[in-house]
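Written out below as structure tokens is the structure these notes cover.
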Amino acid sequence: MNIIMQFMKRNYKALLVVLTLSVALLGFSLFPSKKESDPEKDKLLIELLTFVIEKGHYDPAAIDDTFSKGVYKDYLNALDPSKRFFLQSDIDEFAKYETKIDDQILNKELDFFDLTYTRLMKRMEESKNYYKEALDKPFDYKKEETFNADYENLPYCKSVSDLKERWRLQVKLSALSSLVEKQKLQEDYAKDSKKSIEERLKEYKESLGERITPELEKKFVENAKKKQSEAPKTFEQLEKETRESTLSSLNDNFNFIKDLEREDWFSVYVNAIASRFDPHTSYFGPSEKERFDLSMSGKLEGIGARLQKKNDFTEISELISGGPAWRGKELEAGDVILKVAQADGEPVDVVGMRLDDVVKKIKGPKGTEVRLTVKKTDGTIKVITIIRDEVEIEETYVKSSVVEKDGFKYGIIYLPKFYIDFEDQNSRDAGKDVAIEVERLKKEGVQGIVMDVRDNGGGSLKTVVDIAGLFIEQGPIVQIKSAAGKKEVLYDRDAKVQWDGPLVVMINEFSASASEILAAAIQDYKRGVVIGSKQSYGKGTVQNVIDLNQFVRGSTYGDLGALKTTTQKFYRINGGSTQLEGVKSDIAIPDRYAYLKMGERDIDNAMPWDKIDAADYKIWDKQNNFDLTISKSKTRMQNNKQLQLIDDNAKWLDERNKENVYSLNIDKFKAEQKALEEKNKKYKPIVDYKNAFDFNSLPYEIESMKNDSVLKEKRDRWHESLSKDIYIEEAIHILNDLQSENNKGLSTKLKKDKVVKS
């Protein structure tokens, strides 16, 4: 989630004074010159890291036996998440350190790390023989075998023979999925061969849902002609190809691992320590720090998706609004990437691969093609083609649209994130931009506004205060408590209300941090109706990134990296924290992810919810039918078959998410995939849904579109997605219900005037 740092400046300066003085007393600048891999540097890093966290963290955990057990579990899980390297005998040997890591930290001892690191290197080297042996001869896909991917509950292997068998089953599953994919592609091509190349090219363009370059078109035609002249491959040929590609993929993976240095693995250990304080406290090694600095610059490239590591798997955590993946509408948050292929190249298995290396394979020059083999949340395996592009920065900015219902006109404001550039006062600012959009909508005569912060992971705290202030007279917006216990209340001090009409705020499970502050403030004031997921993400903490090098004067150890640590906590004006519980919608609408583990509450070691004194604020008293509107909406949803289908789909996805056993019999594997595809047909109306509204751009944009075809294309896509959005539809119904009786009378008059004029 985005980090909110601007209000840390005063507290951060005080923190620096304390830390700088204390670190100097500890003599951190007096170490002699050592190489990068010198253990003395590692000891320094642990000492510095734990000291900074203990002094600067909002609520540092005690470094005791309980802490030690947590580090032990997290660290071993990070080293060997799929339990395919360590043997049970290794774990038995490691176990003596389970309650001693706290002592290792305090005494600056590296015995546990050295033992695990040395053993892991040995086991990884041995594992190369296991997968090579398994892929040396054809698999028997008629044999009744299964593979259990429930790694969390899977025991470690007791013997080398057991470990070899686990490797064999795992690589067989990888090869099997590739084989079935190849067979399906060959069958699909056989069906398409009856069509002309021109027809297939047209379908190819339509499937991508976006413009493709002349080079890609040329390549597609060349490949199509080449395939026309090729005879279909036999089962034996395809089986051999899949083993060869799986072998190549694993070799590549192990080559990546081989390039890792000791300090990379030490970063894993240090992070296991840091993350026990809370999930958002983490250590950036020198190379990771460099990448973090780049990511904070706002530059995005590739397919426009954020990835996260979950055990051995790479999962889509977020799609960047306006990016190629977002535009394609096939890739979704929660999808797990199994393989990556470049254009018509062989898919490379990325299970078990480092996140950085997966990203490298997915990234590429603008206009090139990448194919992702993903496991959807319903268990189906799907190949998704995406044309890489630059992610348009403009699409991360606020935008608005207008829509009519029953003679009323309403405005939709979509805010992807709370952006601001503190270094450039002339740059775009979400607070100012939303104010401009509100004024534009007022000029259009809208009688209600939807503020859409779904999938908004946060950003600038200042802009939250500014935006909330547009809808209230004046008063507190959010409370912040620091590590020292000091409370600060941030106020909107402008008595002006830019919009005093009906208001709806839309959230979902991915609305986090700053988004939750906005929704909570609107809810506490009873200023508008909050609708969406049962609750938002639940990230109610502030992180500060601290460069560790500033505490070490004259160091000859090189770059020590940086620490991101939790330093403050948010509280609503009613006193409750947004941490863990997030914001509960006034009107909870079923969605596909309702039963999956997606929020802060599902993260191990998340900080708890708590409460402080409420701020002094006055509830908005100009919306007299607030409760009646909520009641009407709930009644409407109970009778909505589309929402019932979405809820049924969500429950099914939750059930599917718990299934981890795969058949390695090719007929059963295909049958399982076909059954999933058939089941999915039941839920196709969810994707095909279309509401009854037409969405339009504001006059200034319509004028701009005359000379800007790209802008027109972007807005057409957005309006198309709005027209398929059942949640936007309900938001419009709610705005309609929020209208007063006088306004309804005005609506009738407007309708009559319209008839007379026409």
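Labels for the structure tokens follow display order: chains A, B, ..., residues from 1 in each chain, ligands from 1.
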What's the 8 Å shell around region 334-337 of chain A, counting only C-alpha atoms, without same-chain residues fewer than 2 positions away, as a PDB file with all heavy atoms, in the first residue's frame?
ATOM      1  N   PHE A 313       4.707 -18.782  -4.966  1.00  0.00           N
ATOM      2  CA  PHE A 313       3.911 -18.263  -6.073  1.00  0.00           C
ATOM      3  C   PHE A 313       3.961 -16.747  -6.175  1.00  0.00           C
ATOM      4  O   PHE A 313       4.110 -16.045  -5.176  1.00  0.00           O
ATOM      5  CB  PHE A 313       2.454 -18.721  -5.933  1.00  0.00           C
ATOM      6  CG  PHE A 313       2.291 -20.212  -5.990  1.00  0.00           C
ATOM      7  CD1 PHE A 313       2.127 -20.948  -4.823  1.00  0.00           C
ATOM      8  CD2 PHE A 313       2.338 -20.881  -7.202  1.00  0.00           C
ATOM      9  CE1 PHE A 313       1.990 -22.323  -4.864  1.00  0.00           C
ATOM     10  CE2 PHE A 313       2.203 -22.257  -7.258  1.00  0.00           C
ATOM     11  CZ  PHE A 313       2.029 -22.983  -6.088  1.00  0.00           C
ATOM     12  N   THR A 314       3.829 -16.263  -7.410  1.00  0.00           N
ATOM     13  CA  THR A 314       3.747 -14.829  -7.677  1.00  0.00           C
ATOM     14  C   THR A 314       2.294 -14.489  -7.955  1.00  0.00           C
ATOM     15  O   THR A 314       1.684 -15.042  -8.865  1.00  0.00           O
ATOM     16  CB  THR A 314       4.605 -14.450  -8.895  1.00  0.00           C
ATOM     17  OG1 THR A 314       5.972 -14.811  -8.630  1.00  0.00           O
ATOM     18  CG2 THR A 314       4.530 -12.961  -9.166  1.00  0.00           C
ATOM     19  N   GLU A 315       1.745 -13.585  -7.161  1.00  0.00           N
ATOM     20  CA  GLU A 315       0.326 -13.251  -7.255  1.00  0.00           C
ATOM     21  C   GLU A 315       0.144 -11.804  -7.690  1.00  0.00           C
ATOM     22  O   GLU A 315       0.925 -10.928  -7.337  1.00  0.00           O
ATOM     23  CB  GLU A 315      -0.347 -13.463  -5.894  1.00  0.00           C
ATOM     24  CG  GLU A 315      -1.848 -13.193  -5.882  1.00  0.00           C
ATOM     25  CD  GLU A 315      -2.463 -13.472  -4.533  1.00  0.00           C
ATOM     26  OE1 GLU A 315      -2.678 -14.648  -4.202  1.00  0.00           O
ATOM     27  OE2 GLU A 315      -2.705 -12.512  -3.775  1.00  0.00           O
ATOM     28  N   ILE A 316      -0.883 -11.566  -8.489  1.00  0.00           N
ATOM     29  CA  ILE A 316      -1.249 -10.200  -8.877  1.00  0.00           C
ATOM     30  C   ILE A 316      -1.908  -9.539  -7.675  1.00  0.00           C
ATOM     31  O   ILE A 316      -2.954  -9.996  -7.209  1.00  0.00           O
ATOM     32  CB  ILE A 316      -2.235 -10.192 -10.067  1.00  0.00           C
ATOM     33  CG1 ILE A 316      -1.657 -10.931 -11.276  1.00  0.00           C
ATOM     34  CG2 ILE A 316      -2.606  -8.754 -10.434  1.00  0.00           C
ATOM     35  CD1 ILE A 316      -0.461 -10.291 -11.907  1.00  0.00           C
ATOM     36  N   SER A 317      -1.300  -8.480  -7.154  1.00  0.00           N
ATOM     37  CA  SER A 317      -1.886  -7.808  -5.988  1.00  0.00           C
ATOM     38  C   SER A 317      -2.729  -6.601  -6.397  1.00  0.00           C
ATOM     39  O   SER A 317      -3.656  -6.220  -5.693  1.00  0.00           O
ATOM     40  CB  SER A 317      -0.787  -7.361  -5.019  1.00  0.00           C
ATOM     41  OG  SER A 317       0.076  -6.417  -5.630  1.00  0.00           O
ATOM     42  N   LEU A 331      -6.809 -10.150 -16.733  1.00  0.00           N
ATOM     43  CA  LEU A 331      -6.011 -10.368 -15.538  1.00  0.00           C
ATOM     44  C   LEU A 331      -6.689  -9.678 -14.359  1.00  0.00           C
ATOM     45  O   LEU A 331      -7.212  -8.579 -14.503  1.00  0.00           O
ATOM     46  CB  LEU A 331      -4.607  -9.786 -15.744  1.00  0.00           C
ATOM     47  CG  LEU A 331      -3.479 -10.326 -14.856  1.00  0.00           C
ATOM     48  CD1 LEU A 331      -3.246 -11.806 -15.130  1.00  0.00           C
ATOM     49  CD2 LEU A 331      -2.199  -9.540 -15.093  1.00  0.00           C
ATOM     50  N   GLU A 332      -6.681 -10.339 -13.181  1.00  0.00           N
ATOM     51  CA  GLU A 332      -7.357  -9.791 -12.008  1.00  0.00           C
ATOM     52  C   GLU A 332      -6.470  -9.922 -10.783  1.00  0.00           C
ATOM     53  O   GLU A 332      -5.592 -10.781 -10.718  1.00  0.00           O
ATOM     54  CB  GLU A 332      -8.660 -10.539 -11.726  1.00  0.00           C
ATOM     55  CG  GLU A 332      -9.689 -10.495 -12.826  1.00  0.00           C
ATOM     56  CD  GLU A 332     -10.886 -11.364 -12.501  1.00  0.00           C
ATOM     57  OE1 GLU A 332     -10.776 -12.602 -12.579  1.00  0.00           O
ATOM     58  OE2 GLU A 332     -11.925 -10.808 -12.133  1.00  0.00           O
ATOM     59  N   LYS A 339       3.391 -19.269 -15.416  1.00  0.00           N
ATOM     60  CA  LYS A 339       4.402 -19.267 -16.475  1.00  0.00           C
ATOM     61  C   LYS A 339       4.372 -17.938 -17.224  1.00  0.00           C
ATOM     62  O   LYS A 339       3.350 -17.258 -17.264  1.00  0.00           O
ATOM     63  CB  LYS A 339       4.141 -20.412 -17.462  1.00  0.00           C
ATOM     64  CG  LYS A 339       4.181 -21.777 -16.803  1.00  0.00           C
ATOM     65  CD  LYS A 339       3.881 -22.886 -17.784  1.00  0.00           C
ATOM     66  CE  LYS A 339       3.826 -24.216 -17.027  1.00  0.00           C
ATOM     67  NZ  LYS A 339       3.625 -25.363 -17.905  1.00  0.00           N
ATOM     68  N   VAL A 340       5.519 -17.620 -17.824  1.00  0.00           N
ATOM     69  CA  VAL A 340       5.638 -16.402 -18.624  1.00  0.00           C
ATOM     70  C   VAL A 340       6.285 -16.767 -19.957  1.00  0.00           C
ATOM     71  O   VAL A 340       7.297 -17.469 -19.988  1.00  0.00           O
ATOM     72  CB  VAL A 340       6.503 -15.337 -17.911  1.00  0.00           C
ATOM     73  CG1 VAL A 340       6.621 -14.086 -18.777  1.00  0.00           C
ATOM     74  CG2 VAL A 340       5.921 -14.989 -16.554  1.00  0.00           C
ATOM     75  N   VAL A 350       7.575 -20.084 -13.604  1.00  0.00           N
ATOM     76  CA  VAL A 350       8.109 -19.109 -12.646  1.00  0.00           C
ATOM     77  C   VAL A 350       7.750 -19.463 -11.207  1.00  0.00           C
ATOM     78  O   VAL A 350       7.994 -18.669 -10.295  1.00  0.00           O
ATOM     79  CB  VAL A 350       7.614 -17.675 -12.975  1.00  0.00           C
ATOM     80  CG1 VAL A 350       8.135 -17.229 -14.323  1.00  0.00           C
ATOM     81  CG2 VAL A 350       6.090 -17.581 -12.922  1.00  0.00           C
ATOM     82  N   VAL A 351       7.160 -20.637 -10.988  1.00  0.00           N
ATOM     83  CA  VAL A 351       6.865 -21.072  -9.625  1.00  0.00           C
ATOM     84  C   VAL A 351       8.190 -21.301  -8.901  1.00  0.00           C
ATOM     85  O   VAL A 351       9.060 -22.022  -9.379  1.00  0.00           O
ATOM     86  CB  VAL A 351       6.024 -22.360  -9.614  1.00  0.00           C
ATOM     87  CG1 VAL A 351       5.822 -22.853  -8.181  1.00  0.00           C
ATOM     88  CG2 VAL A 351       4.685 -22.130 -10.285  1.00  0.00           C
ATOM     89  N   LEU A 372       0.956 -14.720 -20.238  1.00  0.00           N
ATOM     90  CA  LEU A 372       0.980 -15.199 -18.857  1.00  0.00           C
ATOM     91  C   LEU A 372       0.041 -16.390 -18.706  1.00  0.00           C
ATOM     92  O   LEU A 372      -1.130 -16.305 -19.065  1.00  0.00           O
ATOM     93  CB  LEU A 372       0.548 -14.094 -17.892  1.00  0.00           C
ATOM     94  CG  LEU A 372       1.289 -12.757 -17.961  1.00  0.00           C
ATOM     95  CD1 LEU A 372       0.743 -11.814 -16.909  1.00  0.00           C
ATOM     96  CD2 LEU A 372       2.780 -12.948 -17.790  1.00  0.00           C
ATOM     97  N   THR A 373       0.572 -17.487 -18.187  1.00  0.00           N
ATOM     98  CA  THR A 373      -0.279 -18.610 -17.811  1.00  0.00           C
ATOM     99  C   THR A 373      -0.614 -18.413 -16.346  1.00  0.00           C
ATOM    100  O   THR A 373       0.281 -18.411 -15.489  1.00  0.00           O
ATOM    101  CB  THR A 373       0.443 -19.958 -18.002  1.00  0.00           C
ATOM    102  OG1 THR A 373       0.840 -20.082 -19.368  1.00  0.00           O
ATOM    103  CG2 THR A 373      -0.475 -21.116 -17.641  1.00  0.00           C
ATOM    104  N   VAL A 374      -1.894 -18.210 -16.048  1.00  0.00           N
ATOM    105  CA  VAL A 374      -2.287 -17.894 -14.674  1.00  0.00           C
ATOM    106  C   VAL A 374      -3.310 -18.889 -14.147  1.00  0.00           C
ATOM    107  O   VAL A 374      -4.078 -19.484 -14.901  1.00  0.00           O
ATOM    108  CB  VAL A 374      -2.873 -16.463 -14.557  1.00  0.00           C
ATOM    109  CG1 VAL A 374      -1.878 -15.428 -15.055  1.00  0.00           C
ATOM    110  CG2 VAL A 374      -4.189 -16.338 -15.304  1.00  0.00           C
ATOM    111  N   LYS A 375      -3.275 -19.042 -12.843  1.00  0.00           N
ATOM    112  CA  LYS A 375      -4.319 -19.800 -12.159  1.00  0.00           C
ATOM    113  C   LYS A 375      -5.294 -18.777 -11.594  1.00  0.00           C
ATOM    114  O   LYS A 375      -4.943 -17.950 -10.764  1.00  0.00           O
ATOM    115  CB  LYS A 375      -3.730 -20.648 -11.028  1.00  0.00           C
ATOM    116  CG  LYS A 375      -4.791 -21.431 -10.251  1.00  0.00           C
ATOM    117  CD  LYS A 375      -4.181 -22.118  -9.037  1.00  0.00           C
ATOM    118  CE  LYS A 375      -5.273 -22.772  -8.198  1.00  0.00           C
ATOM    119  NZ  LYS A 375      -4.758 -23.307  -6.924  1.00  0.00           N
ATOM    120  N   LYS A 376      -6.534 -18.823 -12.090  1.00  0.00           N
ATOM    121  CA  LYS A 376      -7.551 -17.887 -11.636  1.00  0.00           C
ATOM    122  C   LYS A 376      -8.008 -18.279 -10.236  1.00  0.00           C
ATOM    123  O   LYS A 376      -7.734 -19.385  -9.755  1.00  0.00           O
ATOM    124  CB  LYS A 376      -8.752 -17.885 -12.595  1.00  0.00           C
ATOM    125  CG  LYS A 376      -8.394 -17.656 -14.056  1.00  0.00           C
ATOM    126  CD  LYS A 376      -7.858 -16.258 -14.304  1.00  0.00           C
ATOM    127  CE  LYS A 376      -8.925 -15.200 -14.214  1.00  0.00           C
ATOM    128  NZ  LYS A 376      -8.408 -13.848 -14.520  1.00  0.00           N
ATOM    129  N   THR A 377      -8.724 -17.381  -9.574  1.00  0.00           N
ATOM    130  CA  THR A 377      -9.182 -17.655  -8.212  1.00  0.00           C
ATOM    131  C   THR A 377     -10.167 -18.807  -8.159  1.00  0.00           C
ATOM    132  O   THR A 377     -10.373 -19.403  -7.109  1.00  0.00           O
ATOM    133  CB  THR A 377      -9.838 -16.399  -7.600  1.00  0.00           C
ATOM    134  OG1 THR A 377     -10.824 -15.892  -8.504  1.00  0.00           O
ATOM    135  CG2 THR A 377      -8.798 -15.325  -7.327  1.00  0.00           C
TER     136      THR A 377
END
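The list of residues with at least one atom within 12 Å of Ser631 (chain A), based on only C-alpha atoms and without residues fewer than 3 positions apart in the same chain, reads Val529, Asp586, Ile587, Ala588, Asn625, Phe626, Asp627, Leu628, Lys634, Thr635, Arg636, Met637, Gln638, Ile734, Asp737 and Leu738 of chain A.
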Export all heavy atoms of the chosen residues as a compact mmCIF listing (two decimals), in the first residue's frame?
# COMPACT_ATOMS: atom_id res chain seq x y z
N VAL A 529 -23.33 8.33 2.20
CA VAL A 529 -23.49 6.89 2.38
C VAL A 529 -22.26 6.18 1.84
O VAL A 529 -21.84 6.42 0.71
CB VAL A 529 -24.75 6.38 1.64
CG1 VAL A 529 -24.91 4.88 1.83
CG2 VAL A 529 -25.99 7.12 2.13
N ASP A 586 -21.84 1.24 5.01
CA ASP A 586 -23.23 1.41 5.46
C ASP A 586 -24.12 0.42 4.73
O ASP A 586 -25.08 -0.12 5.29
CB ASP A 586 -23.71 2.84 5.17
CG ASP A 586 -22.93 3.88 5.96
OD1 ASP A 586 -22.72 3.66 7.17
OD2 ASP A 586 -22.52 4.89 5.36
N ILE A 587 -23.77 0.21 3.47
CA ILE A 587 -24.50 -0.75 2.64
C ILE A 587 -23.46 -1.69 2.03
O ILE A 587 -22.71 -1.31 1.13
CB ILE A 587 -25.30 -0.05 1.52
CG1 ILE A 587 -26.30 0.94 2.13
CG2 ILE A 587 -26.03 -1.07 0.65
CD1 ILE A 587 -26.94 1.86 1.13
N ALA A 588 -23.40 -2.91 2.56
CA ALA A 588 -22.43 -3.90 2.06
C ALA A 588 -23.04 -4.64 0.87
O ALA A 588 -24.11 -5.23 0.97
CB ALA A 588 -22.07 -4.89 3.17
N ASN A 625 -33.15 11.99 5.08
CA ASN A 625 -33.66 10.64 4.74
C ASN A 625 -32.52 9.63 4.61
O ASN A 625 -32.58 8.71 3.81
CB ASN A 625 -34.49 10.69 3.46
CG ASN A 625 -33.74 11.35 2.31
OD1 ASN A 625 -32.63 11.84 2.48
ND2 ASN A 625 -34.36 11.35 1.14
N PHE A 626 -31.48 9.81 5.42
CA PHE A 626 -30.28 8.97 5.37
C PHE A 626 -30.63 7.50 5.68
O PHE A 626 -30.29 6.59 4.92
CB PHE A 626 -29.28 9.51 6.40
CG PHE A 626 -27.91 8.90 6.31
CD1 PHE A 626 -26.94 9.44 5.48
CD2 PHE A 626 -27.57 7.80 7.08
CE1 PHE A 626 -25.67 8.89 5.41
CE2 PHE A 626 -26.31 7.25 7.02
CZ PHE A 626 -25.36 7.80 6.18
N ASP A 627 -31.29 7.26 6.82
CA ASP A 627 -31.60 5.89 7.24
C ASP A 627 -32.60 5.22 6.30
O ASP A 627 -32.49 4.02 6.02
CB ASP A 627 -32.15 5.88 8.67
CG ASP A 627 -31.10 6.33 9.68
OD1 ASP A 627 -29.90 6.11 9.41
OD2 ASP A 627 -31.48 6.92 10.72
N LEU A 628 -33.55 5.99 5.80
CA LEU A 628 -34.54 5.44 4.87
C LEU A 628 -33.86 4.99 3.58
O LEU A 628 -34.20 3.95 3.01
CB LEU A 628 -35.61 6.50 4.57
CG LEU A 628 -36.70 6.09 3.57
CD1 LEU A 628 -37.49 4.90 4.09
CD2 LEU A 628 -37.64 7.26 3.28
N LYS A 634 -30.95 -1.82 0.89
CA LYS A 634 -30.85 -3.21 1.36
C LYS A 634 -31.99 -4.05 0.82
O LYS A 634 -31.80 -5.21 0.44
CB LYS A 634 -30.80 -3.24 2.89
CG LYS A 634 -29.49 -2.71 3.46
CD LYS A 634 -29.46 -2.74 4.97
CE LYS A 634 -28.11 -2.25 5.50
NZ LYS A 634 -28.06 -2.22 6.98
N THR A 635 -33.19 -3.47 0.78
CA THR A 635 -34.35 -4.19 0.22
C THR A 635 -34.14 -4.46 -1.26
O THR A 635 -34.42 -5.55 -1.76
CB THR A 635 -35.63 -3.35 0.42
OG1 THR A 635 -35.84 -3.13 1.81
CG2 THR A 635 -36.84 -4.08 -0.16
N ARG A 636 -33.60 -3.47 -1.96
CA ARG A 636 -33.36 -3.60 -3.40
C ARG A 636 -32.35 -4.73 -3.67
O ARG A 636 -32.52 -5.53 -4.58
CB ARG A 636 -32.83 -2.26 -3.92
CG ARG A 636 -32.94 -2.08 -5.41
CD ARG A 636 -32.84 -0.62 -5.83
NE ARG A 636 -31.87 0.14 -5.10
CZ ARG A 636 -32.16 1.25 -4.39
NH1 ARG A 636 -33.39 1.71 -4.34
NH2 ARG A 636 -31.22 1.90 -3.74
N MET A 637 -31.31 -4.79 -2.84
CA MET A 637 -30.27 -5.80 -3.05
C MET A 637 -30.77 -7.21 -2.74
O MET A 637 -30.35 -8.17 -3.38
CB MET A 637 -29.05 -5.47 -2.19
CG MET A 637 -28.25 -4.30 -2.73
SD MET A 637 -26.65 -4.15 -1.91
CE MET A 637 -27.18 -3.85 -0.23
N GLN A 638 -31.64 -7.33 -1.76
CA GLN A 638 -32.18 -8.65 -1.41
C GLN A 638 -32.94 -9.27 -2.57
O GLN A 638 -33.02 -10.50 -2.69
CB GLN A 638 -33.10 -8.54 -0.18
CG GLN A 638 -32.35 -8.33 1.12
CD GLN A 638 -33.27 -8.02 2.29
OE1 GLN A 638 -34.50 -7.94 2.12
NE2 GLN A 638 -32.71 -7.84 3.47
N ILE A 734 -28.98 5.01 -5.01
CA ILE A 734 -28.89 5.59 -3.66
C ILE A 734 -28.94 7.11 -3.73
O ILE A 734 -29.64 7.76 -2.93
CB ILE A 734 -27.61 5.11 -2.95
CG1 ILE A 734 -27.73 3.61 -2.64
CG2 ILE A 734 -27.36 5.89 -1.66
CD1 ILE A 734 -26.44 2.96 -2.21
N ASP A 737 -32.41 8.11 -4.15
CA ASP A 737 -33.20 8.01 -2.92
C ASP A 737 -32.88 9.12 -1.94
O ASP A 737 -33.72 9.48 -1.10
CB ASP A 737 -32.94 6.65 -2.23
CG ASP A 737 -33.49 5.48 -3.03
OD1 ASP A 737 -34.44 5.70 -3.82
OD2 ASP A 737 -32.99 4.35 -2.86
N LEU A 738 -31.65 9.66 -2.01
CA LEU A 738 -31.25 10.73 -1.10
C LEU A 738 -31.89 12.08 -1.44
O LEU A 738 -31.82 13.02 -0.65
CB LEU A 738 -29.72 10.87 -1.09
CG LEU A 738 -28.93 9.80 -0.33
CD1 LEU A 738 -27.44 9.94 -0.59
CD2 LEU A 738 -29.22 9.86 1.17
*Do you know which residues are at most 8 Å from Trp620 (chain A) counting only C-alpha atoms, after dropping those on the same chain fewer than 5 positions away, and could you put them as a VMD selection string?*
chain A and resid 472 525 to 527
_Under the rule that only C-alpha atoms are counted, which of A:Lys584, A:Leu338, A:Leu548, A:Gly501 is the nearest residue to Ser533 (chain A)?_
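Between A:Lys584, A:Leu338, A:Leu548, A:Gly501, the residue approaching Ser533 (chain A) most closely is A:Lys584.
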*asked:* Let me make sure I understand: among A:Asp357, A:Glu203, A:Glu152, A:Asp162, which one has the smallest atom-to-atom distance to Ile257 (chain A) if we use only C-alpha atoms?
replied: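 Checking each of A:Asp357, A:Glu203, A:Glu152, A:Asp162 against Ile257 (chain A), counting only C-alpha atoms, the winner is A:Asp357.
The shortest atom-to-atom distance to Lys432 (chain A), with only C-alpha atoms taken into account, belongs to A:Lys462 out of A:Lys487, A:Lys712, A:Lys69, A:Lys462.
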*Choose the residue, out of A:Val505, A:Leu110, A:Tyr397, A:His280, that has the smallest atom-to-atom separation from Asn544 (chain A); count only C-alpha atoms.*
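Of A:Val505, A:Leu110, A:Tyr397, A:His280, the one nearest Asn544 (chain A) is A:His280, counting only C-alpha atoms.
Nearest residue to Leu45 (chain A) among A:Phe85, A:Phe139, A:Tyr283, A:Phe67 is A:Tyr283, counting only C-alpha atoms.
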*Would you list the contacts of region 565-573 of chain A as an NGL selection string, taking every protein, DNA or RNA residue within 8 Å and counting only C-alpha atoms, but skipping same-chain residues closer than 4 positions in sequence?*
:A and (53 or 56-58 or 278 or 280-282 or 476-483 or 517 or 520-521 or 524 or 540-546 or 577-579 or 611-612 or 614-617)
